[in-house]
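J.: Input target39.cif, format and content: mmCIF, C-alpha atoms.
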```
data_work
#
loop_
_atom_site.group_PDB
_atom_site.id
_atom_site.type_symbol
_atom_site.label_atom_id
_atom_site.label_comp_id
_atom_site.auth_asym_id
_atom_site.auth_seq_id
_atom_site.Cartn_x
_atom_site.Cartn_y
_atom_site.Cartn_z
ATOM 1 C CA MET Y 29 -5.022 10.424 -19.734
ATOM 2 C CA TYR Y 30 -3.481 7.656 -17.639
ATOM 3 C CA LEU Y 31 -4.613 4.089 -17.014
ATOM 4 C CA CYS Y 32 -3.706 3.068 -13.476
ATOM 5 C CA ILE Y 33 -3.763 -0.491 -12.091
ATOM 6 C CA ASP Y 34 -3.532 -1.410 -8.412
ATOM 7 C CA VAL Y 35 -2.937 -5.147 -8.026
ATOM 8 C CA GLY Y 36 -3.897 -6.333 -4.533
ATOM 9 C CA GLY Y 37 -3.673 -9.672 -2.804
ATOM 10 C CA THR Y 38 -7.430 -10.209 -3.096
ATOM 11 C CA LYS Y 39 -8.724 -7.524 -5.498
ATOM 12 C CA THR Y 40 -7.411 -5.482 -8.399
ATOM 13 C CA LEU Y 41 -8.513 -1.920 -9.135
ATOM 14 C CA VAL Y 42 -8.222 -0.338 -12.580
ATOM 15 C CA ALA Y 43 -8.811 3.409 -12.886
ATOM 16 C CA LEU Y 44 -8.697 6.074 -15.581
ATOM 17 C CA PHE Y 45 -7.332 9.531 -14.709
ATOM 18 C CA ASN Y 46 -7.322 12.640 -16.842
ATOM 19 C CA ALA Y 47 -4.219 14.815 -17.190
ATOM 20 C CA LYS Y 48 -5.222 16.915 -14.159
ATOM 21 C CA GLY Y 49 -5.506 13.917 -11.842
ATOM 22 C CA LYS Y 50 -9.277 13.544 -11.794
ATOM 23 C CA LEU Y 51 -10.451 9.941 -11.465
ATOM 24 C CA LEU Y 52 -12.897 9.439 -14.331
ATOM 25 C CA HIS Y 53 -13.848 5.775 -14.089
ATOM 26 C CA SER Y 54 -12.788 2.669 -12.182
ATOM 27 C CA VAL Y 55 -13.559 -1.042 -11.982
ATOM 28 C CA LYS Y 56 -12.588 -3.686 -9.436
ATOM 29 C CA PHE Y 57 -12.328 -7.438 -9.838
ATOM 30 C CA PRO Y 58 -10.958 -10.400 -7.809
ATOM 31 C CA THR Y 59 -7.230 -11.102 -8.144
ATOM 32 C CA ASN Y 60 -6.849 -14.657 -9.385
ATOM 33 C CA VAL Y 61 -3.846 -16.342 -7.744
ATOM 34 C CA ASN Y 62 -3.086 -18.014 -11.073
ATOM 35 C CA GLN Y 63 -0.873 -15.492 -12.852
ATOM 36 C CA ALA Y 64 -1.986 -16.354 -16.384
ATOM 37 C CA LYS Y 65 -5.682 -16.242 -15.444
ATOM 38 C CA PHE Y 66 -5.176 -12.969 -13.603
ATOM 39 C CA TYR Y 67 -3.548 -11.338 -16.617
ATOM 40 C CA GLN Y 68 -6.264 -12.641 -18.926
ATOM 41 C CA ALA Y 69 -8.930 -11.162 -16.629
ATOM 42 C CA LEU Y 70 -7.042 -7.856 -16.452
ATOM 43 C CA ILE Y 71 -6.868 -7.538 -20.221
ATOM 44 C CA GLN Y 72 -10.567 -8.339 -20.510
ATOM 45 C CA GLN Y 73 -11.510 -5.728 -17.898
ATOM 46 C CA ILE Y 74 -9.418 -3.076 -19.651
ATOM 47 C CA LYS Y 75 -10.802 -3.788 -23.107
ATOM 48 C CA VAL Y 76 -14.434 -3.932 -21.933
ATOM 49 C CA ASN Y 77 -14.407 -0.909 -19.623
ATOM 50 C CA PHE Y 78 -11.908 1.582 -21.052
ATOM 51 C CA VAL Y 79 -11.212 3.410 -24.309
ATOM 52 C CA LEU Y 80 -7.466 3.600 -24.768
ATOM 53 C CA SER Y 81 -7.175 6.017 -27.690
ATOM 54 C CA ASP Y 82 -6.150 8.979 -25.503
ATOM 55 C CA ILE Y 83 -4.028 7.099 -22.955
ATOM 56 C CA LYS Y 84 -0.522 8.509 -22.517
ATOM 57 C CA ALA Y 85 0.838 5.757 -20.253
ATOM 58 C CA ILE Y 86 -0.080 2.840 -18.011
ATOM 59 C CA SER Y 87 1.023 2.763 -14.379
ATOM 60 C CA VAL Y 88 0.913 -0.351 -12.192
ATOM 61 C CA ALA Y 89 1.096 -0.776 -8.411
ATOM 62 C CA MET Y 90 2.304 -4.242 -7.424
ATOM 63 C CA PRO Y 91 2.753 -5.825 -3.980
ATOM 64 C CA GLY Y 92 6.207 -7.028 -3.006
ATOM 65 C CA ILE Y 93 9.526 -6.092 -4.566
ATOM 66 C CA VAL Y 94 9.845 -4.325 -7.926
ATOM 67 C CA LYS Y 95 13.220 -4.181 -9.689
ATOM 68 C CA GLN Y 96 13.809 -2.354 -12.977
ATOM 69 C CA ASN Y 97 10.080 -2.162 -13.729
ATOM 70 C CA CYS Y 98 9.546 -5.894 -13.072
ATOM 71 C CA ALA Y 99 7.770 -7.465 -10.083
ATOM 72 C CA VAL Y 100 10.358 -9.978 -8.892
ATOM 73 C CA TRP Y 101 8.552 -11.090 -5.718
ATOM 74 C CA LEU Y 102 4.925 -10.463 -4.780
ATOM 75 C CA GLY Y 103 4.508 -11.347 -1.131
ATOM 76 C CA ASN Y 104 1.100 -12.960 -0.611
ATOM 77 C CA LEU Y 105 0.704 -13.750 -4.317
ATOM 78 C CA PRO Y 106 2.570 -16.867 -5.553
ATOM 79 C CA TRP Y 107 4.211 -15.079 -8.486
ATOM 80 C CA HIS Y 108 7.855 -14.395 -9.264
ATOM 81 C CA ASP Y 109 9.552 -12.336 -11.981
ATOM 82 C CA PHE Y 110 6.213 -11.125 -13.337
ATOM 83 C CA ASP Y 111 7.130 -8.686 -16.134
ATOM 84 C CA ILE Y 112 3.683 -7.138 -16.391
ATOM 85 C CA ALA Y 113 5.157 -4.015 -18.009
ATOM 86 C CA LYS Y 114 6.465 -6.027 -20.980
ATOM 87 C CA LYS Y 115 3.112 -7.800 -21.367
ATOM 88 C CA LEU Y 116 1.034 -4.613 -21.239
ATOM 89 C CA ASN Y 117 3.389 -2.795 -23.585
ATOM 90 C CA LYS Y 118 3.105 -5.644 -26.078
ATOM 91 C CA ASP Y 119 -0.701 -5.730 -25.875
ATOM 92 C CA PHE Y 120 -1.366 -1.980 -25.898
ATOM 93 C CA GLY Y 121 1.777 -0.339 -27.293
ATOM 94 C CA LEU Y 122 1.986 2.157 -24.417
ATOM 95 C CA PRO Y 123 4.720 3.071 -21.913
ATOM 96 C CA VAL Y 124 4.238 1.109 -18.685
ATOM 97 C CA HIS Y 125 5.590 2.144 -15.280
ATOM 98 C CA VAL Y 126 5.627 -0.350 -12.373
ATOM 99 C CA GLU Y 127 6.354 0.304 -8.696
ATOM 100 C CA ASN Y 128 5.579 -1.190 -5.288
ATOM 101 C CA ASP Y 129 1.998 -0.474 -4.202
ATOM 102 C CA ALA Y 130 2.825 0.890 -0.738
ATOM 103 C CA ASN Y 131 5.530 3.156 -2.185
ATOM 104 C CA LEU Y 132 2.966 4.598 -4.574
ATOM 105 C CA ALA Y 133 0.359 5.001 -1.838
ATOM 106 C CA ALA Y 134 2.965 6.814 0.254
ATOM 107 C CA LEU Y 135 3.776 9.062 -2.704
ATOM 108 C CA ALA Y 136 0.121 9.997 -3.166
ATOM 109 C CA GLU Y 137 -0.426 10.661 0.529
ATOM 110 C CA ALA Y 138 2.775 12.605 1.262
ATOM 111 C CA ARG Y 139 3.925 14.131 -2.014
ATOM 112 C CA ASN Y 140 3.362 17.664 -0.641
ATOM 113 C CA ALA Y 141 4.552 17.015 2.907
ATOM 114 C CA LYS Y 142 7.764 18.404 4.387
ATOM 115 C CA GLY Y 143 10.078 16.149 6.350
ATOM 116 C CA ARG Y 144 9.781 12.387 6.559
ATOM 117 C CA SER Y 145 6.494 10.522 6.142
ATOM 118 C CA LEU Y 146 5.961 6.844 6.918
ATOM 119 C CA TYR Y 147 2.981 5.134 5.301
ATOM 120 C CA PHE Y 148 1.515 1.770 6.295
ATOM 121 C CA THR Y 149 -1.270 -0.196 4.684
ATOM 122 C CA PHE Y 150 -2.856 -2.761 7.003
ATOM 123 C CA SER Y 151 -4.736 -5.027 4.610
ATOM 124 C CA THR Y 152 -4.234 -8.641 3.448
ATOM 125 C CA GLY Y 153 -0.635 -8.047 4.526
ATOM 126 C CA ILE Y 154 1.234 -4.988 5.774
ATOM 127 C CA GLY Y 155 2.996 -2.779 3.260
ATOM 128 C CA GLY Y 156 4.945 0.405 3.847
ATOM 129 C CA GLY Y 157 6.595 3.322 2.129
ATOM 130 C CA VAL Y 158 8.867 6.176 3.196
ATOM 131 C CA ILE Y 159 8.702 9.651 1.668
ATOM 132 C CA ASP Y 160 11.301 12.378 2.245
ATOM 133 C CA ASN Y 161 10.135 15.885 1.329
ATOM 134 C CA GLY Y 162 7.696 14.582 -1.282
ATOM 135 C CA THR Y 163 9.912 11.976 -2.960
ATOM 136 C CA LEU Y 164 10.507 8.256 -2.387
ATOM 137 C CA ALA Y 165 13.310 7.764 0.129
ATOM 138 C CA LYS Y 166 16.145 5.999 -1.716
ATOM 139 C CA HIS Y 167 17.141 3.736 1.153
ATOM 140 C CA TYR Y 168 13.603 2.401 1.635
ATOM 141 C CA THR Y 169 12.459 1.511 -1.891
ATOM 142 C CA ASP Y 170 12.398 -2.208 -0.954
ATOM 143 C CA PHE Y 171 10.758 -1.589 2.420
ATOM 144 C CA GLU Y 172 8.690 -4.654 3.382
ATOM 145 C CA PRO Y 173 7.638 -4.040 7.007
ATOM 146 C CA GLY Y 174 5.023 -6.790 7.063
ATOM 147 C CA HIS Y 175 7.707 -9.445 6.693
ATOM 148 C CA ILE Y 176 9.871 -8.258 9.581
ATOM 149 C CA GLU Y 177 9.819 -10.784 12.409
ATOM 150 C CA TYR Y 178 8.950 -9.925 16.007
ATOM 151 C CA VAL Y 179 8.369 -12.009 19.119
ATOM 152 C CA TYR Y 180 4.608 -12.432 19.373
ATOM 153 C CA GLU Y 181 3.125 -14.550 22.156
ATOM 154 C CA GLY Y 182 6.503 -16.153 22.808
ATOM 155 C CA LYS Y 183 7.292 -17.051 19.208
ATOM 156 C CA LYS Y 184 8.886 -15.310 16.234
ATOM 157 C CA ALA Y 185 6.340 -14.305 13.613
ATOM 158 C CA GLU Y 186 6.135 -11.857 10.732
ATOM 159 C CA TRP Y 187 4.329 -8.647 11.694
ATOM 160 C CA GLU Y 188 1.592 -9.097 9.102
ATOM 161 C CA ASP Y 189 0.828 -12.610 10.359
ATOM 162 C CA PHE Y 190 -0.667 -11.144 13.527
ATOM 163 C CA ALA Y 191 -1.284 -7.430 12.831
ATOM 164 C CA ALA Y 192 -2.612 -7.201 9.251
ATOM 165 C CA ALA Y 193 -6.336 -6.595 8.797
ATOM 166 C CA SER Y 194 -6.683 -10.203 7.632
ATOM 167 C CA ALA Y 195 -5.098 -11.450 10.887
ATOM 168 C CA ILE Y 196 -7.437 -9.269 12.952
ATOM 169 C CA ASN Y 197 -10.408 -10.609 10.979
ATOM 170 C CA GLU Y 198 -9.282 -14.152 11.746
ATOM 171 C CA LYS Y 199 -8.723 -13.397 15.432
ATOM 172 C CA PHE Y 200 -12.237 -12.042 16.034
ATOM 173 C CA GLY Y 201 -14.139 -13.872 13.319
ATOM 174 C CA LYS Y 202 -15.397 -10.621 11.794
ATOM 175 C CA TYR Y 203 -14.257 -7.701 9.689
ATOM 176 C CA VAL Y 204 -12.367 -4.774 11.190
ATOM 177 C CA SER Y 205 -15.360 -2.559 10.413
ATOM 178 C CA ASP Y 206 -17.444 -4.684 12.793
ATOM 179 C CA LEU Y 207 -15.157 -4.321 15.836
ATOM 180 C CA THR Y 208 -16.904 -2.378 18.594
ATOM 181 C CA THR Y 209 -15.522 -3.115 22.060
ATOM 182 C CA SER Y 210 -12.569 -1.480 23.790
ATOM 183 C CA ALA Y 211 -11.110 -4.936 24.447
ATOM 184 C CA GLU Y 212 -11.041 -5.649 20.698
ATOM 185 C CA TRP Y 213 -9.363 -2.342 19.861
ATOM 186 C CA ASN Y 214 -6.890 -2.766 22.720
ATOM 187 C CA GLU Y 215 -5.818 -6.064 21.154
ATOM 188 C CA VAL Y 216 -5.452 -4.350 17.774
ATOM 189 C CA VAL Y 217 -3.228 -1.667 19.323
ATOM 190 C CA ARG Y 218 -1.093 -4.264 21.114
ATOM 191 C CA ARG Y 219 -0.409 -6.091 17.866
ATOM 192 C CA MET Y 220 0.278 -2.939 15.848
ATOM 193 C CA LEU Y 221 2.725 -1.506 18.370
ATOM 194 C CA LEU Y 222 5.049 -4.509 18.143
ATOM 195 C CA GLY Y 223 6.097 -3.195 14.733
ATOM 196 C CA LEU Y 224 5.286 0.499 15.031
ATOM 197 C CA VAL Y 225 7.606 1.141 17.967
ATOM 198 C CA PRO Y 226 10.879 -0.250 16.525
ATOM 199 C CA LEU Y 227 10.179 1.095 13.045
ATOM 200 C CA THR Y 228 9.418 4.568 14.375
ATOM 201 C CA THR Y 229 12.537 4.469 16.522
ATOM 202 C CA SER Y 230 14.763 3.581 13.547
ATOM 203 C CA ILE Y 231 13.101 5.597 10.752
ATOM 204 C CA LYS Y 232 12.143 8.660 12.833
ATOM 205 C CA PRO Y 233 9.194 9.911 10.778
ATOM 206 C CA ASP Y 234 7.481 13.256 11.315
ATOM 207 C CA ARG Y 235 4.151 11.625 10.574
ATOM 208 C CA ILE Y 236 2.706 8.139 10.134
ATOM 209 C CA ILE Y 237 -0.119 7.713 7.642
ATOM 210 C CA PHE Y 238 -2.410 4.726 8.107
ATOM 211 C CA GLY Y 239 -4.128 3.044 5.171
ATOM 212 C CA GLY Y 240 -5.802 -0.263 4.377
ATOM 213 C CA PRO Y 241 -8.983 -1.578 6.057
ATOM 214 C CA LEU Y 242 -7.425 -1.467 9.537
ATOM 215 C CA GLY Y 243 -5.586 1.810 9.102
ATOM 216 C CA LEU Y 244 -8.669 3.611 7.799
ATOM 217 C CA HIS Y 245 -10.402 2.871 11.126
ATOM 218 C CA LEU Y 246 -7.697 4.744 13.043
ATOM 219 C CA ASN Y 247 -10.246 7.062 14.667
ATOM 220 C CA SER Y 248 -11.691 4.072 16.522
ATOM 221 C CA TYR Y 249 -8.440 3.448 18.409
ATOM 222 C CA ARG Y 250 -6.330 6.601 17.884
ATOM 223 C CA ALA Y 251 -6.493 7.741 21.556
ATOM 224 C CA LYS Y 252 -5.446 4.311 22.857
ATOM 225 C CA LEU Y 253 -2.707 4.004 20.235
ATOM 226 C CA ARG Y 254 -1.323 7.459 20.961
ATOM 227 C CA LYS Y 255 -1.201 6.781 24.715
ATOM 228 C CA GLU Y 256 0.448 3.348 24.442
ATOM 229 C CA PHE Y 257 2.715 4.470 21.597
ATOM 230 C CA THR Y 258 4.043 7.409 23.627
ATOM 231 C CA ALA Y 259 4.682 5.193 26.638
ATOM 232 C CA SER Y 260 6.525 2.589 24.540
ATOM 233 C CA LEU Y 261 8.927 4.869 22.651
ATOM 234 C CA PRO Y 262 12.456 5.231 24.040
ATOM 235 C CA ALA Y 263 13.460 8.504 25.672
ATOM 236 C CA GLY Y 264 14.282 11.181 23.122
ATOM 237 C CA THR Y 265 12.025 9.768 20.390
ATOM 238 C CA THR Y 266 9.104 12.038 19.556
ATOM 239 C CA LEU Y 267 5.703 10.571 18.774
ATOM 240 C CA PRO Y 268 4.910 11.298 15.105
ATOM 241 C CA ARG Y 269 1.587 12.715 13.973
ATOM 242 C CA LEU Y 270 -0.868 9.864 13.393
ATOM 243 C CA LEU Y 271 -2.969 10.427 10.270
ATOM 244 C CA VAL Y 272 -5.594 8.546 8.252
ATOM 245 C CA ALA Y 273 -4.867 8.177 4.530
ATOM 246 C CA LYS Y 274 -6.861 10.886 2.760
ATOM 247 C CA TYR Y 275 -7.307 8.819 -0.400
ATOM 248 C CA GLY Y 276 -8.610 5.844 1.572
ATOM 249 C CA SER Y 277 -8.601 2.597 -0.375
ATOM 250 C CA PHE Y 278 -7.571 4.526 -3.515
ATOM 251 C CA SER Y 279 -4.150 5.648 -2.228
ATOM 252 C CA SER Y 280 -2.134 3.253 -4.401
ATOM 253 C CA VAL Y 281 -4.056 3.962 -7.578
ATOM 254 C CA TYR Y 282 -3.686 7.727 -7.062
ATOM 255 C CA GLY Y 283 -0.007 7.037 -6.495
ATOM 256 C CA CYS Y 284 0.039 5.292 -9.874
ATOM 257 C CA TYR Y 285 -1.177 8.505 -11.481
ATOM 258 C CA TYR Y 286 1.413 10.733 -9.792
ATOM 259 C CA TYR Y 287 4.172 8.238 -10.528
ATOM 260 C CA ALA Y 288 3.209 8.057 -14.210
ATOM 261 C CA ARG Y 289 3.210 11.837 -14.463
ATOM 262 C CA LEU Y 290 6.668 11.921 -12.894
ATOM 263 C CA LYS Y 291 8.090 9.214 -15.165
ATOM 264 C CA GLU Y 292 6.569 10.690 -18.305
ATOM 265 C CA SER Y 293 7.980 14.139 -17.495
ATOM 266 C CA ARG Y 294 11.454 12.581 -17.550
ATOM 267 C CA ARG Y 295 11.047 10.816 -20.902
#
```
Take the structure I supplied and represent it as structure tokens, if you would.
T.:
Amino acid sequence: MYLCIDVGGTKTLVALFNAKGKLLHSVKFPTNVNQAKFYQALIQQIKVNFVLSDIKAISVAMPGIVKQNCAVWLGNLPWHDFDIAKKLNKDFGLPVHVENDANLAALAEARNAKGRSLYFTFSTGIGGGVIDNGTLAKHYTDFEPGHIEYVYEGKKAEWEDFAAASAINEKFGKYVSDLTTSAEWNEVVRRMLLGLVPLTTSIKPDRIIFGGPLGLHLNSYRAKLRKEFTASLPAGTTLPRLLVAKYGSFSSVYGCYYYARLKESRR
């Protein structure tokens, strides 16, 4: 079995998978911005809710940049050089595999897909991953699309500052799930396209997979997005397929499982 941990900017999900990839049990708790308090809460949740006697490995999805199994920068969380693998290995004596959360979500969503897949999670921030023929694309392992700057309303701003689900919530004073009018969704599409168009032009994916609270509502604005997206792409650039993440809010934690299986097979 595999213990999989998805650390998010606001919540952390811990899940237990059997060897065949079936999710057996999961718990979710708030992510404390204090690193020490977060880790203490994580350990408590694991010890209270899971039996570790049959665990083969632990896999962790972290926001931001991961280098050599260590989270060196975590985006919206004020942590740096957080060696969670070393801590978990010391506490539980198990192999620990750490990777960027959007990379793992992309792996889960596109591991069986041919060609190039581009995954975005529109949540507290905007994360992204690129998969080529079922494997992580080497040149995009540090892909941080949410922190790319674009000109928005006459000023330079990071994409996630105006197009993440949290930014949309702030704009309308309600959750994405509560948006109903065409005017609201038109504004969502306008903000998303500022990043989607240049990234699609440069990366040239065969498909784009949308995750996170905003991405999972793709069906509410897919027609508008497809129309405006097509009109905005330069000549010769084909509109990719636009898909909703099949694992929903569990994409990263499923990616943890597949990543752990891959790493353990190479040990």
J.: Run through the PyMOL selection byres ((chain Y and resi 52) around 12) on the given coordinates and return the selected residues as a tab-separated table (two decimals) with C-alpha atoms, in the frame of the given file.
T.:
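Saved file out_30.tsv follows:
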```tsv
chain	number	residue	atom	x	y	z
Y	29	MET	CA	-5.02	10.42	-19.73
Y	30	TYR	CA	-3.48	7.66	-17.64
Y	31	LEU	CA	-4.61	4.09	-17.01
Y	32	CYS	CA	-3.71	3.07	-13.48
Y	42	VAL	CA	-8.22	-0.34	-12.58
Y	43	ALA	CA	-8.81	3.41	-12.89
Y	44	LEU	CA	-8.70	6.07	-15.58
Y	45	PHE	CA	-7.33	9.53	-14.71
Y	46	ASN	CA	-7.32	12.64	-16.84
Y	47	ALA	CA	-4.22	14.82	-17.19
Y	48	LYS	CA	-5.22	16.92	-14.16
Y	49	GLY	CA	-5.51	13.92	-11.84
Y	50	LYS	CA	-9.28	13.54	-11.79
Y	51	LEU	CA	-10.45	9.94	-11.46
Y	53	HIS	CA	-13.85	5.78	-14.09
Y	54	SER	CA	-12.79	2.67	-12.18
Y	55	VAL	CA	-13.56	-1.04	-11.98
Y	77	ASN	CA	-14.41	-0.91	-19.62
Y	78	PHE	CA	-11.91	1.58	-21.05
Y	79	VAL	CA	-11.21	3.41	-24.31
Y	282	TYR	CA	-3.69	7.73	-7.06
```
J.: Using the chain letters and numbers from the file, give me the residues hit by the PyMOL selection byres ((chain Y and resi 153) around 8), as a ChimeraX atom specification.
T.: /Y:104,149-152,154-155,174,188-189,192-194
J.: Restricting the calculation to all atoms listed in the file: of Y:Lys274, Y:Arg144, Y:His175, Y:Lys252, which residue gets closest to Y:Asp160?
T.: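 That would be Y:Arg144, the residue with the smallest distance to Y:Asp160.
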J.: Between atom CA of Y:Ser280 and atom CA of Y:Asp34, what is the distance in Å, rounded to a tenth?
T.: 6.3 Å
J.: Show which residues sit within 12 Å of Y:Asn214, as a ChimeraX atom specification. Count all atoms listed in the file, and ignore same-chain residues fewer than 3 positions away.
T.: /Y:196,207-211,217-221,248-256
J.: Could you tell me, as a ChimeraX atom specification, exactly which residues end up selected when the PyMOL selection byres ((chain Y and resi 111-125) around 9) is applied to this structure?
T.: /Y:67,71,80,83-89,97-100,108-110,126-127,284,287-288,291-292
J.: To one decimal place in Å, what is the distance between atom CA of Y:Thr169 and atom CA of Y:Pro58?
T.: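 Computed distance, atom CA of Y:Thr169 to atom CA of Y:Pro58, equals 26.9 Å.
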